[in-house]
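One structure is given here, and the rest of the page talks about it.
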Amino acid sequence: MATVSVCQYHRGGFSFENCKRNALLEADINKLGFSSPAARKTGTTICGVVYKDGVVLGADTRATEGMVVADKNCSKIHYISPNVYCCGAGTAADTEMTTQIISSNLELHSLSTGRLPRVATANRMLKQMLFRYQGYIGAALVLGGVDSTGPQLYSIYPHGSTDKLPYVTMGSGSLAAMAVFEDRYRPNMEEEEAKRLVRDAIAAGIFNDLGSGSNIDLCVITKGKVDYLRPHDVANKKGVREDKINGRPETGNYRYKHGTTGVLTKAVTHLNLEVVEESVQTMDTT
Amino acid sequence: MSEELFPEPEWLSEEVKTGTTIIAVTFDGGVVLGSDSRVSAGESVVNRVMNKLSPLHDKIYCALSGSAADAQTIAEIVNYQLDVHSYLSPMSYDPLVCSAATLVKNISYKYKEELSAHLIVAGWDRKKGGQVYATLNGLLSRQPFAIGGSGSFYINGFVDAEYRKNMTKRESQEFVVNALTLAMGRDGSSGGVAYVVTIDKDGAEEKCVLGNELPKFFDE
């Protein structure tokens, strides 16, 4: 129904002319031998599972910029509303901004209705925005939450299609994580089992996919309670450097232990010196 | 070098398509719609249990094929438009299947350069009974039965040979399930389970036929 909406919705169509221009420029630059800067992507393994009392969302914490890890501990589970959270894969800026925009609109909507927002509402808003941009916003999302109709989990693709499923995975590590889910998922699991399953699925992505790494974040959403466990599992602990073994931070310490160099021979030559002259000079201490 | 070590995941660049086999058949007193359940992005399957038979109204359903985003969006928009149509128009009966099909056709035709989805609209209304409309690329054509999707190419011969006018409800359901099974057996982009919806004057009945319950054909 065409009711008065307090949310600021986009009016009019979108012009994709600049996208064509960008593609032409990209081709020209490549001919000259340069390359345009790579957008920071989140490589990523994200997943979610519906269990008896709610949903568990999981994500790794690596953000890449081309072949370099840009952020070793980035947070991929974004807040949408008190009962709805969203994991994001794809271009980091796109997932961040999209979830923030929808979170803001959803809060206004919730104030207007006077009710806790529904997961399906967030899903609709996200898919309509992504479809409007025809896939140019590279955000692939796993949306999960608990509302009056129960726990729900959606996967949302960059072109705007969504699927409502009991378990979903997204990201470059999604195939590894899905393999774990297809093997061990059961309906109506207990909370501990669900957390273990999600943790193992993300771990599969972290260890078998180059684009995912570092730690495992978990978010457990139940009716009336959210557990944001960051980090839930430090899967990749940074090693300790040799010169910090005793806990003291000694960088560039060149002191070596006694016995590092073996002594072959030792010769002591006494220098017999006599005192020839002795003089005293007083200091002026005023 | 970097592209080989770090291949961009398919779902980022490839649009999610519904590969698909969809079919709708009229029988004496209603229609039967059927679809497979596979959604692919490039070479990987992203959803193996998607129900591609989407309700537009109580007794009107549409079958989705082509780009998942485009098809889902068209179905949701038409669902909304039919709801408005039902509330605002001073009608005491349900909307006609022809109206629903026309709404789908309008969107498909107006945006035919931008969209790549094909919807088959089928349902029952009190004026003309069971009807099936194909809306490929913006045309509106009423047919006794319609097939669509990548898997439909493999069963054109089968449906032409096996379809008979005035089948019973049971025969139509069997016909639909057989057609789907044969298509899923030959088309790589179709598979999973078969969803069947039967619509008649009493309403819509949804059924899901699991993989191991599908009929067996020659497979040696």
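Identifiers in this document derive from the order of the structure tokens: chains are assigned A, B, ..., residues are numbered from 1 separately in each chain, and ligands are numbered from 1 in order of occurrence.
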For chain A against chain B, which residues fall within 10 Å using only C-alpha atoms, given as a compact mmCIF listing (two decimals) with N, CA, C and O atoms, in the first residue's frame?
# COMPACT_ATOMS: atom_id res chain seq x y z
N MET A 1 0.86 -1.20 0.00
CA MET A 1 0.00 0.00 0.00
C MET A 1 0.88 1.23 0.00
O MET A 1 1.93 1.24 0.60
N ALA A 2 0.40 2.29 -0.62
CA ALA A 2 1.23 3.49 -0.70
C ALA A 2 1.01 4.35 0.53
O ALA A 2 0.36 5.38 0.48
N GLY A 43 37.27 -11.36 0.89
CA GLY A 43 37.53 -12.78 0.64
C GLY A 43 36.48 -13.60 1.32
O GLY A 43 35.40 -13.77 0.80
N GLY A 66 43.72 -7.04 -2.85
CA GLY A 66 44.52 -7.73 -3.83
C GLY A 66 45.09 -8.97 -3.18
O GLY A 66 44.37 -9.82 -2.69
N MET A 67 46.42 -9.08 -3.13
CA MET A 67 47.05 -10.27 -2.55
C MET A 67 47.52 -10.04 -1.13
O MET A 67 48.12 -10.89 -0.52
N ALA A 89 29.91 -10.43 2.85
CA ALA A 89 31.06 -10.84 2.05
C ALA A 89 31.07 -10.03 0.78
O ALA A 89 30.03 -9.52 0.36
N GLY A 90 32.23 -9.91 0.13
CA GLY A 90 32.31 -9.14 -1.10
C GLY A 90 33.13 -7.89 -0.85
O GLY A 90 34.08 -7.90 -0.10
N THR A 91 32.79 -6.79 -1.48
CA THR A 91 33.53 -5.55 -1.28
C THR A 91 33.22 -5.01 0.11
O THR A 91 32.05 -4.78 0.45
N ARG A 124 13.66 -7.79 2.65
CA ARG A 124 13.04 -7.07 1.55
C ARG A 124 13.80 -5.79 1.22
O ARG A 124 14.08 -5.48 0.06
N LYS A 127 17.17 -6.64 -0.45
CA LYS A 127 17.09 -7.15 -1.81
C LYS A 127 16.62 -6.09 -2.78
O LYS A 127 17.08 -6.02 -3.91
N GLN A 128 15.72 -5.21 -2.33
CA GLN A 128 15.21 -4.17 -3.23
C GLN A 128 16.31 -3.16 -3.54
O GLN A 128 16.44 -2.69 -4.67
N LEU A 130 19.65 -3.80 -3.47
CA LEU A 130 20.68 -4.43 -4.30
C LEU A 130 20.19 -4.63 -5.73
O LEU A 130 20.95 -4.48 -6.68
N PHE A 131 18.89 -4.94 -5.92
CA PHE A 131 18.36 -5.12 -7.26
C PHE A 131 18.38 -3.79 -8.01
O PHE A 131 18.67 -3.74 -9.20
N GLN A 134 21.48 -3.30 -9.65
CA GLN A 134 21.80 -4.29 -10.69
C GLN A 134 23.12 -5.02 -10.48
O GLN A 134 23.81 -5.29 -11.46
N GLY A 135 23.51 -5.31 -9.24
CA GLY A 135 24.71 -6.09 -9.01
C GLY A 135 25.99 -5.29 -8.92
O GLY A 135 27.05 -5.84 -8.63
N TYR A 136 25.92 -3.96 -9.16
CA TYR A 136 27.14 -3.15 -9.07
C TYR A 136 27.58 -2.94 -7.62
O TYR A 136 28.74 -2.63 -7.36
N GLY A 138 28.72 -4.78 -4.72
CA GLY A 138 29.19 -6.16 -4.53
C GLY A 138 29.04 -6.62 -3.09
O GLY A 138 30.02 -6.83 -2.39
N ALA A 139 27.81 -6.77 -2.65
CA ALA A 139 27.58 -7.20 -1.27
C ALA A 139 26.80 -8.50 -1.27
O ALA A 139 25.70 -8.56 -1.79
N ALA A 140 27.39 -9.55 -0.72
CA ALA A 140 26.69 -10.82 -0.56
C ALA A 140 26.52 -11.03 0.94
O ALA A 140 27.50 -11.01 1.68
N SER A 155 19.91 -15.79 2.70
CA SER A 155 21.14 -15.43 2.01
C SER A 155 20.76 -14.47 0.89
O SER A 155 19.76 -14.68 0.21
N ILE A 156 21.53 -13.40 0.73
CA ILE A 156 21.18 -12.35 -0.23
C ILE A 156 22.36 -12.16 -1.17
O ILE A 156 23.48 -11.91 -0.72
N TYR A 157 22.12 -12.26 -2.49
CA TYR A 157 23.18 -12.17 -3.47
C TYR A 157 23.28 -10.77 -4.04
O TYR A 157 22.33 -10.01 -4.01
N PRO A 158 24.45 -10.40 -4.63
CA PRO A 158 24.65 -9.02 -5.07
C PRO A 158 23.63 -8.55 -6.11
O PRO A 158 23.34 -7.35 -6.16
N HIS A 159 23.05 -9.46 -6.90
CA HIS A 159 22.08 -9.01 -7.90
C HIS A 159 20.68 -8.83 -7.32
O HIS A 159 19.80 -8.31 -8.01
N GLY A 160 20.47 -9.27 -6.09
CA GLY A 160 19.18 -9.03 -5.46
C GLY A 160 18.30 -10.25 -5.29
O GLY A 160 17.13 -10.11 -4.98
N SER A 161 18.83 -11.45 -5.50
CA SER A 161 18.00 -12.63 -5.25
C SER A 161 18.27 -13.12 -3.83
O SER A 161 19.37 -12.95 -3.30
N THR A 162 17.24 -13.68 -3.20
CA THR A 162 17.41 -14.16 -1.82
C THR A 162 16.88 -15.58 -1.70
O THR A 162 16.04 -16.02 -2.48
N ASP A 163 17.42 -16.29 -0.70
CA ASP A 163 16.94 -17.63 -0.41
C ASP A 163 16.73 -17.75 1.08
O ASP A 163 17.59 -17.34 1.85
N LYS A 164 15.60 -18.35 1.47
CA LYS A 164 15.36 -18.57 2.90
C LYS A 164 15.62 -20.04 3.19
O LYS A 164 14.93 -20.91 2.64
N LEU A 165 16.65 -20.31 3.99
CA LEU A 165 17.09 -21.70 4.18
C LEU A 165 17.47 -21.96 5.63
O LEU A 165 17.70 -21.02 6.38
N VAL A 168 23.08 -21.64 5.54
CA VAL A 168 23.63 -20.97 4.35
C VAL A 168 25.10 -20.65 4.56
O VAL A 168 25.55 -20.44 5.69
N THR A 169 25.85 -20.61 3.45
CA THR A 169 27.24 -20.16 3.51
C THR A 169 27.46 -19.20 2.34
O THR A 169 26.79 -19.29 1.32
N MET A 170 28.40 -18.26 2.52
CA MET A 170 28.71 -17.30 1.45
C MET A 170 30.18 -17.02 1.48
O MET A 170 30.86 -17.24 2.48
N GLY A 171 30.69 -16.45 0.38
CA GLY A 171 32.09 -16.04 0.38
C GLY A 171 32.95 -17.02 -0.40
O GLY A 171 32.47 -18.04 -0.88
N SER A 172 34.25 -16.68 -0.52
CA SER A 172 35.14 -17.55 -1.28
C SER A 172 35.31 -18.89 -0.59
O SER A 172 35.58 -19.90 -1.23
N GLY A 173 35.14 -18.94 0.72
CA GLY A 173 35.27 -20.20 1.45
C GLY A 173 33.94 -20.91 1.63
O GLY A 173 33.83 -21.85 2.43
N SER A 174 32.92 -20.48 0.87
CA SER A 174 31.59 -21.03 1.11
C SER A 174 31.49 -22.51 0.79
O SER A 174 30.77 -23.25 1.44
N LEU A 175 32.26 -22.95 -0.23
CA LEU A 175 32.15 -24.37 -0.59
C LEU A 175 32.71 -25.26 0.51
O LEU A 175 32.15 -26.31 0.82
N MET A 178 30.19 -25.19 3.33
CA MET A 178 28.96 -25.93 3.00
C MET A 178 29.19 -27.43 3.10
O MET A 178 28.29 -28.18 3.48
N ASP A 209 40.85 -22.01 2.30
CA ASP A 209 40.65 -20.93 1.33
C ASP A 209 41.65 -19.82 1.61
O ASP A 209 41.81 -19.40 2.74
N LEU A 210 42.31 -19.33 0.56
CA LEU A 210 43.32 -18.30 0.77
C LEU A 210 42.72 -16.97 1.17
O LEU A 210 43.34 -16.16 1.83
N GLY A 211 41.47 -16.73 0.72
CA GLY A 211 40.87 -15.43 0.99
C GLY A 211 40.32 -15.30 2.40
O GLY A 211 39.89 -14.22 2.80
Please identify all polymer residues within 10 Å of range 212-214 of chain B, counting only C-alpha atoms, omitting same-chain residues fewer than 3 positions from it, and present them as a CSV table (one decimal) with N, CA, C and O atoms, in the first residue's frame.
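The file below, out-v1.csv, is the result:
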chain,number,residue,atom,x,y,z
B,177,VAL,N,5.1,-34.6,-13.4
B,177,VAL,CA,6.3,-35.2,-12.7
B,177,VAL,C,7.2,-35.9,-13.7
B,177,VAL,O,8.4,-35.9,-13.6
B,178,ASN,N,6.6,-36.6,-14.6
B,178,ASN,CA,7.4,-37.4,-15.6
B,178,ASN,C,8.2,-36.4,-16.4
B,178,ASN,O,9.4,-36.7,-16.7
B,180,LEU,N,9.2,-33.4,-15.7
B,180,LEU,CA,10.3,-32.8,-14.8
B,180,LEU,C,11.4,-33.8,-14.6
B,180,LEU,O,12.6,-33.5,-14.7
B,181,THR,N,11.1,-35.1,-14.3
B,181,THR,CA,12.1,-36.1,-14.1
B,181,THR,C,13.0,-36.3,-15.3
B,181,THR,O,14.2,-36.3,-15.2
B,182,LEU,N,12.4,-36.3,-16.5
B,182,LEU,CA,13.2,-36.5,-17.7
B,182,LEU,C,14.1,-35.3,-17.9
B,182,LEU,O,15.3,-35.5,-18.3
B,193,VAL,N,14.8,-31.5,-6.1
B,193,VAL,CA,13.5,-32.1,-5.9
B,193,VAL,C,12.5,-31.5,-6.8
B,193,VAL,O,12.8,-30.5,-7.5
B,194,ALA,N,11.4,-32.0,-6.9
B,194,ALA,CA,10.3,-31.5,-7.8
B,194,ALA,C,9.2,-30.9,-7.0
B,194,ALA,O,8.7,-31.6,-6.1
B,208,CYS,N,5.8,-31.6,-2.6
B,208,CYS,CA,7.2,-31.7,-2.9
B,208,CYS,C,7.5,-33.2,-3.1
B,208,CYS,O,7.3,-34.0,-2.2
B,209,VAL,N,8.0,-33.5,-4.3
B,209,VAL,CA,8.4,-34.9,-4.6
B,209,VAL,C,9.9,-35.0,-4.4
B,209,VAL,O,10.6,-34.4,-5.2
B,217,PHE,N,13.2,-43.9,-15.0
B,217,PHE,CA,13.2,-44.2,-16.5
B,217,PHE,C,14.4,-44.9,-16.8
B,217,PHE,O,15.3,-45.1,-16.0
Going by DSSP on the backbone, which bits of range 149-279 of chain A are strand (DSSP E or B)? Write them as an mmCIF file with N, CA and C atoms, in the first residue's frame, please.
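result.cif written:
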data_model
loop_
_atom_site.group_PDB
_atom_site.id
_atom_site.type_symbol
_atom_site.label_atom_id
_atom_site.label_comp_id
_atom_site.auth_asym_id
_atom_site.auth_seq_id
_atom_site.Cartn_x
_atom_site.Cartn_y
_atom_site.Cartn_z
ATOM 1 N N GLY A 150 9.499 -16.295 14.641
ATOM 2 C CA GLY A 150 10.467 -17.364 14.883
ATOM 3 C C GLY A 150 11.837 -17.028 14.328
ATOM 4 N N PRO A 151 12.788 -17.979 14.428
ATOM 5 C CA PRO A 151 14.129 -17.714 13.901
ATOM 6 C C PRO A 151 14.148 -17.883 12.382
ATOM 7 N N GLN A 152 14.852 -16.960 11.690
ATOM 8 C CA GLN A 152 14.909 -17.048 10.232
ATOM 9 C C GLN A 152 16.305 -16.735 9.738
ATOM 10 N N LEU A 153 16.659 -17.304 8.589
ATOM 11 C CA LEU A 153 17.976 -17.112 7.998
ATOM 12 C C LEU A 153 17.806 -16.904 6.498
ATOM 13 N N TYR A 154 18.422 -15.825 5.962
ATOM 14 C CA TYR A 154 18.330 -15.559 4.536
ATOM 15 C C TYR A 154 19.727 -15.376 3.961
ATOM 16 N N SER A 155 19.909 -15.794 2.699
ATOM 17 C CA SER A 155 21.142 -15.429 2.011
ATOM 18 C C SER A 155 20.755 -14.471 0.894
ATOM 19 N N ILE A 156 21.526 -13.395 0.731
ATOM 20 C CA ILE A 156 21.184 -12.354 -0.229
ATOM 21 C C ILE A 156 22.359 -12.155 -1.169
ATOM 22 N N THR A 162 17.242 -13.685 -3.200
ATOM 23 C CA THR A 162 17.406 -14.161 -1.821
ATOM 24 C C THR A 162 16.881 -15.579 -1.703
ATOM 25 N N ASP A 163 17.422 -16.288 -0.704
ATOM 26 C CA ASP A 163 16.940 -17.634 -0.415
ATOM 27 C C ASP A 163 16.732 -17.751 1.076
ATOM 28 N N LYS A 164 15.603 -18.355 1.470
ATOM 29 C CA LYS A 164 15.360 -18.575 2.905
ATOM 30 C C LYS A 164 15.621 -20.040 3.187
ATOM 31 N N TYR A 167 20.284 -23.510 6.572
ATOM 32 C CA TYR A 167 21.710 -23.255 6.735
ATOM 33 C C TYR A 167 22.252 -22.673 5.439
ATOM 34 N N VAL A 168 23.079 -21.640 5.543
ATOM 35 C CA VAL A 168 23.628 -20.974 4.353
ATOM 36 C C VAL A 168 25.096 -20.652 4.560
ATOM 37 N N THR A 169 25.847 -20.611 3.449
ATOM 38 C CA THR A 169 27.236 -20.155 3.508
ATOM 39 C C THR A 169 27.455 -19.203 2.344
ATOM 40 N N MET A 170 28.398 -18.264 2.519
ATOM 41 C CA MET A 170 28.707 -17.303 1.450
ATOM 42 C C MET A 170 30.177 -17.018 1.478
ATOM 43 N N ILE A 216 37.749 -16.588 14.375
ATOM 44 C CA ILE A 216 36.353 -16.939 14.105
ATOM 45 C C ILE A 216 35.468 -16.123 15.026
ATOM 46 N N ASP A 217 34.560 -15.345 14.456
ATOM 47 C CA ASP A 217 33.576 -14.600 15.248
ATOM 48 C C ASP A 217 32.247 -15.316 15.178
ATOM 49 N N LEU A 218 31.540 -15.315 16.290
ATOM 50 C CA LEU A 218 30.223 -15.954 16.321
ATOM 51 C C LEU A 218 29.193 -14.978 16.852
ATOM 52 N N CYS A 219 27.954 -15.119 16.405
ATOM 53 C CA CYS A 219 26.882 -14.297 16.960
ATOM 54 C C CYS A 219 25.675 -15.207 17.163
ATOM 55 N N VAL A 220 25.268 -15.395 18.425
ATOM 56 C CA VAL A 220 24.153 -16.286 18.732
ATOM 57 C C VAL A 220 22.948 -15.420 19.057
ATOM 58 N N ILE A 221 21.885 -15.543 18.256
ATOM 59 C CA ILE A 221 20.688 -14.720 18.458
ATOM 60 C C ILE A 221 19.543 -15.609 18.884
ATOM 61 N N THR A 222 18.975 -15.289 20.053
ATOM 62 C CA THR A 222 17.787 -16.010 20.517
ATOM 63 C C THR A 222 16.722 -14.985 20.858
ATOM 64 N N LYS A 225 17.782 -12.272 23.467
ATOM 65 C CA LYS A 225 19.191 -12.240 23.881
ATOM 66 C C LYS A 225 20.086 -12.384 22.661
ATOM 67 N N VAL A 226 21.199 -11.631 22.647
ATOM 68 C CA VAL A 226 22.181 -11.769 21.575
ATOM 69 C C VAL A 226 23.559 -11.934 22.205
ATOM 70 N N ASP A 227 24.277 -12.986 21.825
ATOM 71 C CA ASP A 227 25.658 -13.182 22.294
ATOM 72 C C ASP A 227 26.593 -12.884 21.152
ATOM 73 N N TYR A 228 27.326 -11.765 21.256
ATOM 74 C CA TYR A 228 28.262 -11.422 20.184
ATOM 75 C C TYR A 228 29.641 -11.872 20.648
ATOM 76 N N LEU A 229 30.106 -13.016 20.162
ATOM 77 C CA LEU A 229 31.358 -13.600 20.655
ATOM 78 C C LEU A 229 32.481 -13.259 19.681
ATOM 79 N N ARG A 230 33.223 -12.218 20.029
ATOM 80 C CA ARG A 230 34.309 -11.790 19.143
ATOM 81 C C ARG A 230 35.574 -11.656 19.942
ATOM 82 N N PRO A 231 36.611 -12.464 19.824
ATOM 83 C CA PRO A 231 36.607 -13.643 18.976
ATOM 84 C C PRO A 231 36.103 -14.865 19.729
ATOM 85 N N HIS A 232 35.457 -15.727 19.033
ATOM 86 C CA HIS A 232 35.013 -16.956 19.668
ATOM 87 C C HIS A 232 36.147 -17.952 19.719
ATOM 88 N N ASP A 233 36.968 -17.928 18.660
ATOM 89 C CA ASP A 233 38.045 -18.907 18.555
ATOM 90 C C ASP A 233 39.216 -18.250 17.857
#
- Could you work out how far CA of Ile23 in chain B lies from CA of Gln131 in chain B, giving the answer in Å with one decimal?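 CA of Ile23 in chain B lies at a distance of 12.8 Å from CA of Gln131 in chain B.
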- Query: Which polymer residues have any atom within 9 Å of an atom of Leu136 in chain B, counting only C-alpha atoms, with same-chain residues fewer than 3 positions away left out, as a list in words?
  - Reply: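 With the cut-off at 9 Å, the set is Lys105, Ser108, Tyr109, Ala117, His118, Leu119, Ile120, Leu139, Leu140, Ser141 and Gly148 of chain B.
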Check which residues of range 56-100 of chain B sit at most 12 Å from range 150-165 of chain B using only C-alpha atoms, and return one row each with the closest pair of atoms and their distance in Å to one decimal, ordered by chain and rising number, as JSON lines.
{"residue": "B:Leu64", "atom": "CA", "partner": "B:Ser150", "partner_atom": "CA", "distance": 11.8}
{"residue": "B:Ser65", "atom": "CA", "partner": "B:Ser150", "partner_atom": "CA", "distance": 8.4}
{"residue": "B:Gly66", "atom": "CA", "partner": "B:Ser150", "partner_atom": "CA", "distance": 8.4}
{"residue": "B:Ser67", "atom": "CA", "partner": "B:Ser150", "partner_atom": "CA", "distance": 11.7}
Output N, CA, C and O atoms for every residue in that selection, as a PDB file, in the first residue's frame.
ATOM      1  N   LEU B  64       9.104 -19.509 -11.999  1.00  0.00           N
ATOM      2  CA  LEU B  64      10.224 -18.614 -12.286  1.00  0.00           C
ATOM      3  C   LEU B  64      11.317 -19.326 -13.054  1.00  0.00           C
ATOM      4  O   LEU B  64      11.631 -20.480 -12.775  1.00  0.00           O
ATOM      5  N   SER B  65      11.959 -18.610 -14.002  1.00  0.00           N
ATOM      6  CA  SER B  65      13.154 -19.164 -14.636  1.00  0.00           C
ATOM      7  C   SER B  65      14.005 -18.006 -15.117  1.00  0.00           C
ATOM      8  O   SER B  65      13.526 -16.885 -15.220  1.00  0.00           O
ATOM      9  N   GLY B  66      15.265 -18.265 -15.416  1.00  0.00           N
ATOM     10  CA  GLY B  66      16.171 -17.213 -15.862  1.00  0.00           C
ATOM     11  C   GLY B  66      16.931 -16.651 -14.681  1.00  0.00           C
ATOM     12  O   GLY B  66      17.282 -17.362 -13.756  1.00  0.00           O
ATOM     13  N   SER B  67      17.198 -15.361 -14.686  1.00  0.00           N
ATOM     14  CA  SER B  67      17.953 -14.743 -13.597  1.00  0.00           C
ATOM     15  C   SER B  67      17.109 -14.746 -12.322  1.00  0.00           C
ATOM     16  O   SER B  67      15.970 -14.310 -12.324  1.00  0.00           O
TER      17      SER B  67
END
- Using only C-alpha atoms, which residues sit within 7 Å of Leu56 in chain B once same-chain residues fewer than 6 positions away are excluded, as a list in words?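 Counting only the stated atoms, we get Cys62, Ala75, Val78 and Asn79 of chain B.
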Output file for the selection above: N, CA, C and O atoms, as an mmCIF file, in the first residue's frame:
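Contents of the output file out_14.cif:
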data_model
loop_
_atom_site.group_PDB
_atom_site.id
_atom_site.type_symbol
_atom_site.label_atom_id
_atom_site.label_comp_id
_atom_site.auth_asym_id
_atom_site.auth_seq_id
_atom_site.Cartn_x
_atom_site.Cartn_y
_atom_site.Cartn_z
ATOM 1 N N CYS B 62 2.940 -18.424 -10.281
ATOM 2 C CA CYS B 62 3.799 -18.279 -11.447
ATOM 3 C C CYS B 62 5.060 -19.111 -11.238
ATOM 4 O O CYS B 62 5.489 -19.319 -10.101
ATOM 5 N N ALA B 75 8.033 -11.341 -9.665
ATOM 6 C CA ALA B 75 6.969 -12.050 -8.941
ATOM 7 C C ALA B 75 6.502 -11.235 -7.733
ATOM 8 O O ALA B 75 5.303 -11.136 -7.460
ATOM 9 N N VAL B 78 4.454 -8.121 -8.909
ATOM 10 C CA VAL B 78 3.105 -8.477 -9.390
ATOM 11 C C VAL B 78 2.216 -8.931 -8.239
ATOM 12 O O VAL B 78 1.026 -8.623 -8.192
ATOM 13 N N ASN B 79 2.813 -9.631 -7.258
ATOM 14 C CA ASN B 79 2.071 -10.033 -6.061
ATOM 15 C C ASN B 79 1.512 -8.791 -5.365
ATOM 16 O O ASN B 79 0.334 -8.722 -4.999
#
- List the neighbours of Glu205 in chain B out to 12 Å using only C-alpha atoms; skip same-chain residues closer than 4 positions along the sequence, and give me the result as a PyMOL selection string. chain B and resi 30-34+53+55+58-61+123+169+173+195-201
